[in-house]
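Heads up, the thing below is written out as structure tokens.
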Amino acid sequence: MLEAQDHSGAERSETDSSSARDGAHGIAYAAGVIGALAGIVALALLVSAPAFLSPSEDATILFRYSENFARSFRISYNLNGPRTEGATDFLFMIALGLLNIAHVPPFVSSCVLNAIALLATSVILQRISGAPLSLMKTLWISALLFLAPQAAAALGGFSVFLVGAGIALTAYYYLQRDDRRMGLSGLFLCLLRPDGLLITGPLMALRLAASSERSRVALTYLVLFILPGLAFFVWRALYFSELMPLPYLVKSDTPRILGLIVASSASRAASYLLPMATILCVALGDRLRERRNLELIAALLLFPAAGYCYFRLDQNVADRFFFFAIIGTAVIVAANRSGRTNSSAILIISGLLVFGCSMLAPKWWSGIRAGLLGSRSNVHEIAADIRKHHLFGRMAVTEAGQIAYYTGWETTDLWGLNTPEFARHLPRATDVDRIGADLVVVHPSDDVDPRACVERAVKSTARIDRRDWASLVTNAIAGSPPDRYDVLLAPSDSDRLRRADDLAVGSGDYLCFFVRKQYPGARALLEILKRHGAVDGADFMKMRKDENEDEDEEDSGL
């Protein structure tokens, strides 16, 4: 009788255990389905973005290069103008240009390529983990990657996910000890973005140090990576008559701590490394201290972070340069998944908790919200209207993206990313005056109050040995005197985004448009600006005064 009871109890225990497993499996399957649906939404959002969003300001610079390449097979910022290297994403620019020959707009090409790259990265991560490929898993991994703040940059037209795929592929071949394919994928990554060397270099150094056939490995990298890379470097130096790309000259010109570290860049890097360290601790546990993992952390996270801390990252939209931290962490976690007993669900939940509790969540939401609510930016609409009315001329701008791209005007980039003359030093007021542009567009940003555009009671303050935005804006304003230029101020953001942010008329981000009085299309240009919310100096000063009075009343009420 006791044996019968024991047998019955064992059956019940086994049944309960089986039920628990079935329940856990059901929950995991449901979570997988939800994640897959989220991945489909993310991919659909990427592919459809050009239908309802404006590309990012700096992405349109690359689009301009791509379209000029498609039309003239020259790499130049101005069509048929001098050769200039302001687009450092070389392979990406060439790909967009070739697709543009087939009449595919660069923004569409960019978003489709990013969507494909997002799926490819999910597949590569599964390969690294040794898990069998699964469509559902591919989609929910894509959804998780889309939670990176850099997704907003991908929606804006940057090559974020394409670069991420290049990093993952190079790391995969490193882990497989496939030196030939690693050399080629590393070359692809560096031609896609030159700072890919910050990851490819350390990985190759680690392979050389660990290999018992160093001569063979060194020869492989020499033939497939170093020599082609040097050949490209020499070609581009001869083609552009510049040893280094213009953005490198601009971004390296900044004060540093101990001559090495840009404080703002280091702060941003830390905001990613800390949550990634938490995820690695949860995912790896004691294995975190294994030599291979320490090497991967150094090559994929620490070394590139140190490299980026050397530069001033002015065009770091949605922290796009720090996507390496997300991909690097994903690669390290995937490389340690083989043979692990803890479930993927625990890892996913841990990652989502870190995401929600760190600064990543508000960064992601801020970027996505600005993109979705921003819709077509006011700058985009103004530029498109100028082109629609067949107005053409020469302009000088502090931000060389949307206004130049959508108007098609010959443009001087006063910040120097696309104009060699100003890549080494800021223009002074006399330089702006000498250009004699029909339109000067100044973005005061947070450095100078837009009212300075109206008052124009400014003097040239640029120092040759220092580059800062306030000096640039001040000099651009001083070089557009009231006796030769009329000024209107227009909001840069769309009405929809301004309403969502509850911004009063006259508040928020404004651009200053200086229109040369002798420009034949001056009257038509001023009318276009006014149709898009631009106001003259007197009205803008009144709006700002009223806004300040309202704020004072609110403060006194408190």
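Every chain in the structure tokens has a letter given in the order shown (A, B, ...), and although residue numbers restart at 1 in each chain, ligands are simply numbered from 1 in the order shown.
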Using only C-alpha atoms, tabulate the residues of region 345-422 of chain A lying at most 10 Å from any atom of region 427-450 of chain A, each with its closest atom pair and that distance in Å to one decimal, by chain and increasing residue number, as a Markdown table.
| residue | atom | partner | partner_atom | distance |
| --- | --- | --- | --- | --- |
| A:Phe392 | CA | A:Asp438 | CA | 9.2 |
| A:Gly393 | CA | A:Asp438 | CA | 6.2 |
| A:Arg394 | CA | A:Ala437 | CA | 5.3 |
| A:Met395 | CA | A:Leu439 | CA | 4.6 |
| A:Ala396 | CA | A:Val440 | CA | 4.8 |
| A:Val397 | CA | A:Val441 | CA | 4.8 |
| A:Thr398 | CA | A:Val442 | CA | 5.4 |
| A:Glu399 | CA | A:His443 | CA | 7.0 |
| A:Ala400 | CA | A:Val441 | CA | 9.3 |
| A:Ile403 | CA | A:Val441 | CA | 8.5 |
| A:Ala404 | CA | A:Val441 | CA | 9.9 |
| A:Trp409 | CA | A:Leu439 | CA | 9.8 |
| A:Glu410 | CA | A:Ala437 | CA | 9.5 |
| A:Thr411 | CA | A:Ala437 | CA | 8.6 |
| A:Thr412 | CA | A:Ile435 | CA | 8.3 |
| A:Asp413 | CA | A:Pro427 | CA | 9.9 |
| A:Leu414 | CA | A:Pro427 | CA | 6.5 |
| A:Trp415 | CA | A:Pro427 | CA | 8.0 |
| A:Gly416 | CA | A:Pro427 | CA | 8.8 |
| A:Glu421 | CA | A:Pro427 | CA | 8.5 |
| A:Phe422 | CA | A:Pro427 | CA | 6.1 |
Restrict the selected residues to C-alpha atoms and save them as a PDB file, in the first residue's frame.
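Everything below was put into out20.pdb:
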ATOM      1  CA  PHE A 392      18.450  79.638 -56.993  1.00  0.00           C
ATOM      2  CA  GLY A 393      21.498  81.409 -55.694  1.00  0.00           C
ATOM      3  CA  ARG A 394      24.438  81.105 -53.322  1.00  0.00           C
ATOM      4  CA  MET A 395      24.148  80.637 -49.592  1.00  0.00           C
ATOM      5  CA  ALA A 396      26.418  80.491 -46.559  1.00  0.00           C
ATOM      6  CA  VAL A 397      25.202  78.405 -43.627  1.00  0.00           C
ATOM      7  CA  THR A 398      26.261  77.387 -40.142  1.00  0.00           C
ATOM      8  CA  GLU A 399      24.462  74.030 -40.530  1.00  0.00           C
ATOM      9  CA  ALA A 400      24.990  72.539 -43.964  1.00  0.00           C
ATOM     10  CA  ILE A 403      18.486  73.889 -46.193  1.00  0.00           C
ATOM     11  CA  ALA A 404      21.309  73.159 -48.660  1.00  0.00           C
ATOM     12  CA  TRP A 409      21.818  76.005 -53.893  1.00  0.00           C
ATOM     13  CA  GLU A 410      25.587  76.382 -54.093  1.00  0.00           C
ATOM     14  CA  THR A 411      26.570  76.453 -50.430  1.00  0.00           C
ATOM     15  CA  THR A 412      29.496  77.498 -48.257  1.00  0.00           C
ATOM     16  CA  ASP A 413      29.677  75.566 -44.982  1.00  0.00           C
ATOM     17  CA  LEU A 414      30.906  78.087 -42.432  1.00  0.00           C
ATOM     18  CA  TRP A 415      31.512  75.370 -39.806  1.00  0.00           C
ATOM     19  CA  GLY A 416      34.000  73.747 -42.185  1.00  0.00           C
ATOM     20  CA  GLU A 421      38.903  76.884 -46.114  1.00  0.00           C
ATOM     21  CA  PHE A 422      37.047  76.848 -42.800  1.00  0.00           C
TER      22      PHE A 422
END
Problem - Residue list (helix (DSSP H, G or I), DSSP) for region 439-506 of chain A, as a ChimeraX atom specification - result: /A:451-455,469-478,495-500
Write the residues of the preceding selection, restricted to N, CA and C atoms, as an mmCIF file, in the first residue's frame.
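File written: again02.cif
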data_model
loop_
_atom_site.group_PDB
_atom_site.id
_atom_site.type_symbol
_atom_site.label_atom_id
_atom_site.label_comp_id
_atom_site.auth_asym_id
_atom_site.auth_seq_id
_atom_site.Cartn_x
_atom_site.Cartn_y
_atom_site.Cartn_z
ATOM 1 N N ARG A 451 18.005 86.792 -30.569
ATOM 2 C CA ARG A 451 17.832 88.238 -30.658
ATOM 3 C C ARG A 451 19.092 88.939 -31.146
ATOM 4 N N ALA A 452 20.242 88.256 -31.020
ATOM 5 C CA ALA A 452 21.488 88.838 -31.534
ATOM 6 C C ALA A 452 21.422 89.024 -33.039
ATOM 7 N N CYS A 453 20.628 88.181 -33.717
ATOM 8 C CA CYS A 453 20.471 88.325 -35.172
ATOM 9 C C CYS A 453 19.775 89.629 -35.517
ATOM 10 N N VAL A 454 18.908 90.072 -34.622
ATOM 11 C CA VAL A 454 18.161 91.312 -34.855
ATOM 12 C C VAL A 454 19.009 92.518 -34.471
ATOM 13 N N GLU A 455 19.618 92.432 -33.307
ATOM 14 C CA GLU A 455 20.382 93.571 -32.803
ATOM 15 C C GLU A 455 21.648 93.798 -33.627
ATOM 16 N N TRP A 469 30.943 77.214 -31.243
ATOM 17 C CA TRP A 469 29.752 77.590 -31.990
ATOM 18 C C TRP A 469 29.372 79.050 -31.769
ATOM 19 N N ALA A 470 29.573 79.539 -30.546
ATOM 20 C CA ALA A 470 29.210 80.930 -30.259
ATOM 21 C C ALA A 470 29.999 81.895 -31.134
ATOM 22 N N SER A 471 31.291 81.629 -31.311
ATOM 23 C CA SER A 471 32.112 82.496 -32.169
ATOM 24 C C SER A 471 31.663 82.415 -33.619
ATOM 25 N N LEU A 472 31.330 81.190 -34.067
ATOM 26 C CA LEU A 472 30.854 81.024 -35.439
ATOM 27 C C LEU A 472 29.595 81.847 -35.688
ATOM 28 N N VAL A 473 28.620 81.711 -34.787
ATOM 29 C CA VAL A 473 27.351 82.435 -34.938
ATOM 30 C C VAL A 473 27.580 83.944 -34.885
ATOM 31 N N THR A 474 28.376 84.362 -33.924
ATOM 32 C CA THR A 474 28.649 85.796 -33.777
ATOM 33 C C THR A 474 29.279 86.370 -35.033
ATOM 34 N N ASN A 475 30.239 85.654 -35.608
ATOM 35 C CA ASN A 475 30.921 86.154 -36.803
ATOM 36 C C ASN A 475 30.015 86.135 -38.028
ATOM 37 N N ALA A 476 29.162 85.110 -38.129
ATOM 38 C CA ALA A 476 28.230 85.043 -39.257
ATOM 39 C C ALA A 476 27.248 86.214 -39.217
ATOM 40 N N ILE A 477 26.791 86.543 -38.016
ATOM 41 C CA ILE A 477 25.873 87.681 -37.867
ATOM 42 C C ILE A 477 26.585 88.987 -38.207
ATOM 43 N N ALA A 478 27.806 89.133 -37.698
ATOM 44 C CA ALA A 478 28.558 90.363 -37.947
ATOM 45 C C ALA A 478 28.884 90.530 -39.426
ATOM 46 N N ASP A 495 5.299 72.678 -36.762
ATOM 47 C CA ASP A 495 4.237 73.172 -35.880
ATOM 48 C C ASP A 495 3.744 72.066 -34.954
ATOM 49 N N ARG A 496 3.694 70.842 -35.485
ATOM 50 C CA ARG A 496 3.203 69.713 -34.679
ATOM 51 C C ARG A 496 4.084 69.476 -33.456
ATOM 52 N N LEU A 497 5.397 69.498 -33.651
ATOM 53 C CA LEU A 497 6.304 69.283 -32.528
ATOM 54 C C LEU A 497 6.265 70.463 -31.570
ATOM 55 N N ARG A 498 6.140 71.657 -32.084
ATOM 56 C CA ARG A 498 6.073 72.831 -31.213
ATOM 57 C C ARG A 498 4.815 72.814 -30.358
ATOM 58 N N ARG A 499 3.692 72.372 -30.969
ATOM 59 C CA ARG A 499 2.467 72.260 -30.177
ATOM 60 C C ARG A 499 2.591 71.179 -29.109
ATOM 61 N N ALA A 500 3.229 70.074 -29.458
ATOM 62 C CA ALA A 500 3.413 68.985 -28.489
ATOM 63 C C ALA A 500 4.278 69.438 -27.321
#
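Between CA of Phe322 (chain A) and CA of Ala143 (chain A) the separation is 18.4 Å.
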Practice task
Just the residues within 6 Å of region 29-42 of chain A, please, counting only C-alpha atoms, with nothing from its chain fewer than 6 positions along; format it as a list in words.
Solution key: Met136, Leu139, Trp140, Ser142 and Ala143 of chain A
Filtering to N, CA, C and O atoms, could you give me those residues as a CSV table (one decimal), in the first residue's frame?
chain,number,residue,atom,x,y,z
A,136,MET,N,11.3,33.8,-35.6
A,136,MET,CA,10.8,34.5,-34.4
A,136,MET,C,11.9,35.1,-33.6
A,136,MET,O,11.8,36.3,-33.2
A,139,LEU,N,13.3,38.2,-35.2
A,139,LEU,CA,12.5,39.4,-35.1
A,139,LEU,C,12.6,40.0,-33.7
A,139,LEU,O,12.6,41.2,-33.6
A,140,TRP,N,12.5,39.1,-32.7
A,140,TRP,CA,12.6,39.8,-31.3
A,140,TRP,C,13.9,40.3,-31.0
A,140,TRP,O,14.1,41.3,-30.2
A,142,SER,N,15.8,41.8,-33.2
A,142,SER,CA,15.7,43.1,-33.9
A,142,SER,C,14.9,44.1,-33.1
A,142,SER,O,15.3,45.3,-33.1
A,143,ALA,N,13.9,43.6,-32.4
A,143,ALA,CA,13.1,44.6,-31.6
A,143,ALA,C,13.9,45.1,-30.4
A,143,ALA,O,13.9,46.3,-30.1
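Comparing A:Gly97, A:Pro247, A:Pro149, A:Gly86 by their smallest distance to Ser366 (chain A), the closest is A:Pro149 (using only C-alpha atoms).
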Practice task
Excluding region 235-239 of chain A and residues on its chain fewer than 5 positions from it, collect all residues at most 10 Å away from it, counting only C-alpha atoms, and give them as a PyMOL selection string.
Solution key: chain A and resi 74-75+83-85+229-230+244-245
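Nearest residue to Gly479 (chain A), choosing from A:Arg523, A:Arg516, A:Arg320, A:Lys388 and counting only C-alpha atoms: A:Arg516.
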Problem - Close residues, Phe188 (chain A) itself excluded, 10 Å, only C-alpha atoms, min 4 positions apart in chain, as a ChimeraX atom specification - result: /A:91,163,166-167,170,182-184,192-194,196,225,229
